[in-house]
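Enquirer: The structure is given below, and queries will be raised subsequently.
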Amino acid sequence: MGKKINKQYQMKENTVLEIEDLSIAFGGLKAVDNLSFDIKEKEIFGLIGPNGAGKTTVFNCITQFYPPDTGTILMKNKNNEVVNLIGQKVHNVIRQGIVRTFQNVELIYELSVIDNLLVGCHIYYKTDIFSQILRLPRANKEERKFRKKAVDILKFVGIEKYKDALVGGLPYGVLKKVELARTLMSDPKLIILDEPAAGLNEQETENLSQLIKDIRDKLNCTIFLVEHDMRLVMGTCDRVCAISFGKLLAIGKAKEIQNNTLVQEAYLGKEDDMNE
Amino acid sequence: MKKLSIAQKAYLSYAVFIALMALLPVLAYYDIIQNATVDILSNVVIYGIAALGLNILLGYSGLVSLGTAGFMGLSSYFAAYFTKDLNLPFFLSLLIAVGIPMLIGLLVGLVSLRLEGYYLAIATLGVGEILHKLFLNIDFFGGSTGRKAETPQLLFGLIKLKHYEYNSFNSMFILLIIILGIVMFLTFNIIHSKVGRAFLTMRGSETCAQAMGINLLKYKLEAFAISTLFASVAGVLFAHNLNHTDYQTWTMVTSLNILAIIVIGGMRSIFGTLIGAFIVCADVLFLHYIPISGIDYILRGALIIVIILFYPRGLVNIFHDIKRLFRKFFQRKIGVGNG
């Protein structure tokens, strides 16, 4: 279960995640450079930046796939304790209430949709391996309980009809939703979405935007997303953080970011560059 | 009538399968089939059990082991020693003879599971070969003569099992298939539980598994332990079935045969594994008509190549595909008729 959390860390009111002076370098390349920002409770927070800006690296640092070189990542976990995520085991991060999706959908293709969802609440299974192997009544009861929960979530996301279909043959838009539904199985406090709209058409993107808002409003989750699709970002996010080459450009309301000259330069280049 | 759940359907099919298998020694007793056939099928059952374990390891958790035969051998020697030399009752001996290799398996796993893919295969191959050499060179394992075992007596000698002696009912085979039934039941439960899903997630993507809170080392060890457990059970049954075990059986070839069982029969399928076991271990039933020595090796090798190239999901899918082909054929006919 991880070590006992030392409680000396302090966080501001109403914030879920506080990132301070985060840096990580791969060889000589500074992928993330002294990045600081915080995410408020029940906020939809977007992280944008041109290709290679280090967005996914930030995600991987938060979820401890990459140990950052410096910096702190504080999080108010499910029990409202402040935890430093750095140094936690990768598989224990989800227990604090952070769950993520992946840029390329990572589902288990041999399993049905509902079984994929059950992987999402892996950490909540209490029965030991022996009662599972012998299928004792308590293991059965637990399994039924989580199956019911999975069905409820599938209904919420609107893909209940695919419940027993194998993930292998489903269209990409549905797979994205399955992955999103799987994150909900762990009763998360903070959901990290890595390019949720990648590969979706306009209609699907609009649905997704609505779904993300629903998740925030009805399930009381905070959402942190990386996205290239500006329609989704501008339409959904309360605040947006723009980074380029691992450095912070600006944080603010979506409209402010859109009109920020630094951000425009990062995406489109300076006027001087064009002339040269 | 209430509709059966997937699990109940599966259990029912296993029960029917085991019941049908139980008819074989009866048929042999009345000389309808040969006793030798039942004896060959005993081997199918024993290697089938080991292969079911490897199927969980390779098919579900995506780890390779080429040391299966080593662990099978280890438990077979223990079974022989505990029942013949120490006169322990069968079930107690089974427990210890399976427990010790499992512990050793866990230790090996702790060290070797840091490796992946081919490297893990090579490491487990090494372990298998080390065990093979130990069997030959350490006195406890009886050197080149091996160890003698006995057909087990159950419930303090109340039930004396026998196998294919002349004019006797092969009751050892009944014990084998009952244990096979239990192993099938356990395998089904493992792969349809949280544990099986964790294995599959691990195989699909280790990053995803970790993000979902799956402790990789823990589940890799569990997969390794389960596969060693089944291999050890198979080893114990081998010793009691032949009343003998020696180093010549527990070679790399045996490990590779168990791997071939899965590849031919079909990964991630319980009946597929048994079909594979039948093809690999019972090929003598058909091949003794062909008077070429070594034909079984040649054909098995060819079959593996053909299956990997053209039928990678294994022979178990052949029924499904034939059914689909038939349906297509008839639909076309109906279509022509209407036109």
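By convention here, the chains of the structure tokens are called A, B, ... in the order presented, each chain's residues are numbered starting at 1, and ligands are numbered starting at 1 in the order presented.
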Could you please select, counting only C-alpha atoms, the residues of chain A within 7 Å of chain B and state them as an MDAnalysis selection string?

Expert: chainID A and resid 90:92 94 99:100 106 108 119:120 122:123 132:135

Enquirer: Please return, as a compact mmCIF listing (two decimals) with N, CA, C and O atoms, in the first residue's frame, all residues of region 189-228 of chain B that DSSP assigns to helix (DSSP H, G or I) on the basis of the backbone.

Expert:
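Resulting contents of selection_28.txt:
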```
# COMPACT_ATOMS: atom_id res chain seq x y z
N ASN B 189 -11.52 -20.46 -13.61
CA ASN B 189 -11.74 -19.43 -12.59
C ASN B 189 -10.65 -18.38 -12.59
O ASN B 189 -10.92 -17.19 -12.44
N ILE B 190 -9.41 -18.84 -12.76
CA ILE B 190 -8.30 -17.87 -12.76
C ILE B 190 -8.46 -16.89 -13.90
O ILE B 190 -8.40 -15.68 -13.71
N ILE B 191 -8.73 -17.42 -15.11
CA ILE B 191 -8.73 -16.51 -16.25
C ILE B 191 -9.98 -15.66 -16.28
O ILE B 191 -10.00 -14.65 -16.96
N LYS B 194 -10.32 -11.37 -11.50
CA LYS B 194 -9.44 -10.20 -11.47
C LYS B 194 -8.01 -10.58 -11.84
O LYS B 194 -7.32 -9.85 -12.56
N VAL B 195 -7.58 -11.76 -11.37
CA VAL B 195 -6.20 -12.18 -11.62
C VAL B 195 -5.96 -12.38 -13.11
O VAL B 195 -4.97 -11.88 -13.67
N GLY B 196 -6.89 -13.08 -13.77
CA GLY B 196 -6.74 -13.32 -15.20
C GLY B 196 -6.75 -12.03 -15.99
O GLY B 196 -5.98 -11.86 -16.94
N ARG B 197 -7.62 -11.11 -15.59
CA ARG B 197 -7.68 -9.83 -16.29
C ARG B 197 -6.39 -9.06 -16.08
O ARG B 197 -5.88 -8.41 -17.00
N ALA B 198 -5.85 -9.14 -14.87
CA ALA B 198 -4.58 -8.46 -14.60
C ALA B 198 -3.48 -9.05 -15.48
O ALA B 198 -2.66 -8.33 -16.04
N PHE B 199 -3.47 -10.40 -15.62
CA PHE B 199 -2.47 -11.05 -16.49
C PHE B 199 -2.58 -10.51 -17.91
O PHE B 199 -1.58 -10.14 -18.52
N LEU B 200 -3.82 -10.49 -18.43
CA LEU B 200 -4.01 -10.05 -19.81
C LEU B 200 -3.61 -8.59 -20.00
O LEU B 200 -3.03 -8.22 -21.02
N THR B 201 -3.92 -7.77 -19.00
CA THR B 201 -3.55 -6.36 -19.10
C THR B 201 -2.04 -6.23 -19.17
O THR B 201 -1.50 -5.45 -19.96
N MET B 202 -1.37 -7.02 -18.34
CA MET B 202 0.08 -6.99 -18.30
C MET B 202 0.66 -7.39 -19.66
O MET B 202 1.61 -6.79 -20.14
N ARG B 203 0.05 -8.40 -20.26
CA ARG B 203 0.53 -8.88 -21.55
C ARG B 203 0.31 -7.83 -22.63
O ARG B 203 1.17 -7.60 -23.47
N GLY B 204 -0.85 -7.15 -22.56
CA GLY B 204 -1.16 -6.15 -23.57
C GLY B 204 -0.26 -4.93 -23.46
O GLY B 204 0.31 -4.48 -24.44
N GLU B 206 2.32 -3.09 -20.37
CA GLU B 206 2.75 -2.98 -18.97
C GLU B 206 2.48 -1.59 -18.42
O GLU B 206 2.16 -1.45 -17.24
N THR B 207 2.58 -0.58 -19.28
CA THR B 207 2.30 0.79 -18.81
C THR B 207 0.85 0.90 -18.35
O THR B 207 0.57 1.45 -17.29
N CYS B 208 -0.04 0.39 -19.19
CA CYS B 208 -1.46 0.46 -18.87
C CYS B 208 -1.72 -0.30 -17.56
O CYS B 208 -2.43 0.18 -16.68
N ALA B 209 -1.11 -1.48 -17.43
CA ALA B 209 -1.32 -2.28 -16.23
C ALA B 209 -0.91 -1.49 -14.99
O ALA B 209 -1.63 -1.44 -13.99
N GLN B 210 0.25 -0.85 -15.07
CA GLN B 210 0.72 -0.09 -13.91
C GLN B 210 -0.20 1.09 -13.60
O GLN B 210 -0.50 1.37 -12.45
N ALA B 211 -0.67 1.73 -14.67
CA ALA B 211 -1.56 2.88 -14.46
C ALA B 211 -2.87 2.45 -13.81
O ALA B 211 -3.52 3.22 -13.12
N LEU B 216 3.20 -5.17 -11.15
CA LEU B 216 3.72 -6.09 -12.16
C LEU B 216 4.44 -7.29 -11.55
O LEU B 216 4.16 -8.43 -11.90
N LEU B 217 5.36 -7.03 -10.62
CA LEU B 217 6.16 -8.12 -10.07
C LEU B 217 5.25 -9.15 -9.38
O LEU B 217 5.39 -10.35 -9.56
N LYS B 218 4.27 -8.64 -8.62
CA LYS B 218 3.37 -9.53 -7.89
C LYS B 218 2.62 -10.45 -8.84
O LYS B 218 2.56 -11.66 -8.64
N TYR B 219 2.08 -9.86 -9.92
CA TYR B 219 1.28 -10.69 -10.81
C TYR B 219 2.13 -11.59 -11.69
O TYR B 219 1.73 -12.69 -12.04
N LYS B 220 3.34 -11.13 -12.03
CA LYS B 220 4.24 -12.01 -12.77
C LYS B 220 4.58 -13.23 -11.92
O LYS B 220 4.60 -14.36 -12.39
N LEU B 221 4.84 -12.97 -10.63
CA LEU B 221 5.16 -14.08 -9.73
C LEU B 221 3.97 -15.02 -9.59
O LEU B 221 4.13 -16.23 -9.58
N GLU B 222 2.78 -14.44 -9.50
CA GLU B 222 1.59 -15.30 -9.37
C GLU B 222 1.45 -16.19 -10.60
O GLU B 222 1.17 -17.38 -10.49
N ALA B 223 1.64 -15.59 -11.79
CA ALA B 223 1.52 -16.38 -13.02
C ALA B 223 2.56 -17.49 -13.03
O ALA B 223 2.26 -18.64 -13.36
N PHE B 224 3.76 -17.14 -12.61
CA PHE B 224 4.84 -18.12 -12.57
C PHE B 224 4.52 -19.24 -11.58
O PHE B 224 4.72 -20.42 -11.86
N ALA B 225 3.97 -18.84 -10.42
CA ALA B 225 3.64 -19.84 -9.40
C ALA B 225 2.55 -20.77 -9.89
O ALA B 225 2.64 -21.99 -9.70
N ILE B 226 1.52 -20.23 -10.53
CA ILE B 226 0.43 -21.07 -11.00
C ILE B 226 0.93 -22.06 -12.05
O ILE B 226 0.60 -23.24 -12.02
N SER B 227 1.78 -21.56 -12.96
CA SER B 227 2.27 -22.45 -14.00
C SER B 227 3.16 -23.54 -13.41
O SER B 227 3.10 -24.70 -13.81
N THR B 228 3.97 -23.17 -12.42
CA THR B 228 4.81 -24.19 -11.76
C THR B 228 3.95 -25.19 -11.01
O THR B 228 4.23 -26.38 -10.99
```

Enquirer: Quick one: everything within 12 Å of Ile257 (chain A), counting only C-alpha atoms, minus sequence neighbours fewer than 2 positions away in the same chain. Send it as number ranges by chain.

Expert: A: 46-49, 230, 233-234, 237-243, 249-255, 259-267

Enquirer: For Ile33 (chain B), which residue among B:Arg313, B:Phe141, B:Arg324, B:Leu285 is the nearest when counting only C-alpha atoms?

Expert: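 For Ile33 (chain B), the nearest of the candidates is B:Leu285.
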
Enquirer: Hey, what's within 7 Å of Ile270 (chain B) if we count only C-alpha atoms and toss same-chain stuff fewer than 4 positions away? As a PyMOL selection string, please?

Expert: chain B and resi 52+184+274

Enquirer: Could you name the residues that touch region 130-136 of chain B at 10 Å or less, counting only C-alpha atoms, but leaving out those on the same chain fewer than 4 positions away, as number ranges by chain?

Expert: B: 67, 69-71, 73-74, 77, 124-126, 140-146, 246-252

Enquirer: Between CA of Val58 (chain A) and CA of Asn34 (chain A), what is the spacing in Å?

Expert: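 For CA of Asn34 (chain A) relative to CA of Val58 (chain A), the distance reads 11.2 Å.
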
Enquirer: As a ChimeraX atom specification, list the residues of region 22-211 of chain A assigned to strand (DSSP E) by DSSP on the backbone atoms of this structure.

Expert: /A:22-26,29-40,44-48,70-76,82-84,98-100,190-194

Enquirer: Tell me, as an NGL selection string, which residues lie within 7 Å of region 162-166 of chain A, counting only C-alpha atoms; anything in the same chain fewer than 2 positions away does not count.

Expert: :A and (109-114 or 159-160 or 168-169)

Enquirer: As an exercise, work out the distance from CA of Phe278 (chain B) to CA of Ala239 (chain B) in Å and give it to one decimal place.

Expert: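 Atom-to-atom, CA of Phe278 (chain B) to CA of Ala239 (chain B), that is 19.7 Å.
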
Enquirer: Could you tell me how far CA of Leu136 (chain A) sits from CA of Ala51 (chain B), in Å to one decimal place?

Expert: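 Between CA of Ala51 (chain B) and CA of Leu136 (chain A) the gap is 25.3 Å.
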
Enquirer: Within 10 Å of region 68-82 of chain A, which residues of region 186-205 of chain A show up? Give each one with its shortest atom-to-atom distance in Å (one decimal) and the two atoms involved, counting only C-alpha atoms, rows by chain then rising residue number, as a Markdown table.

Expert:
```
| residue | atom | partner | partner_atom | distance |
| --- | --- | --- | --- | --- |
| A:Asp187 | CA | A:Lys78 | CA | 9.1 |
| A:Pro188 | CA | A:Lys78 | CA | 7.9 |
| A:Lys189 | CA | A:Lys78 | CA | 6.5 |
| A:Leu190 | CA | A:Asn77 | CA | 8.9 |
```

Enquirer: Might you pull out every residue within 10 Å of Ala149 (chain B), with only C-alpha atoms counted and same-chain residues fewer than 6 positions away left off, and present them as a list of chain:residue names?

Expert: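 Neighbouring residues, sequence-local ones excluded: B:Ser76, B:Tyr77, B:Phe78, B:Ala79, B:Ala80, B:Tyr81, B:Phe82, B:Thr83, B:Lys84, B:Asp85, B:Val236, B:Phe238, B:Ala239, B:His240, B:Asn241, B:Leu242, B:Asn243, B:His244, B:Thr245.
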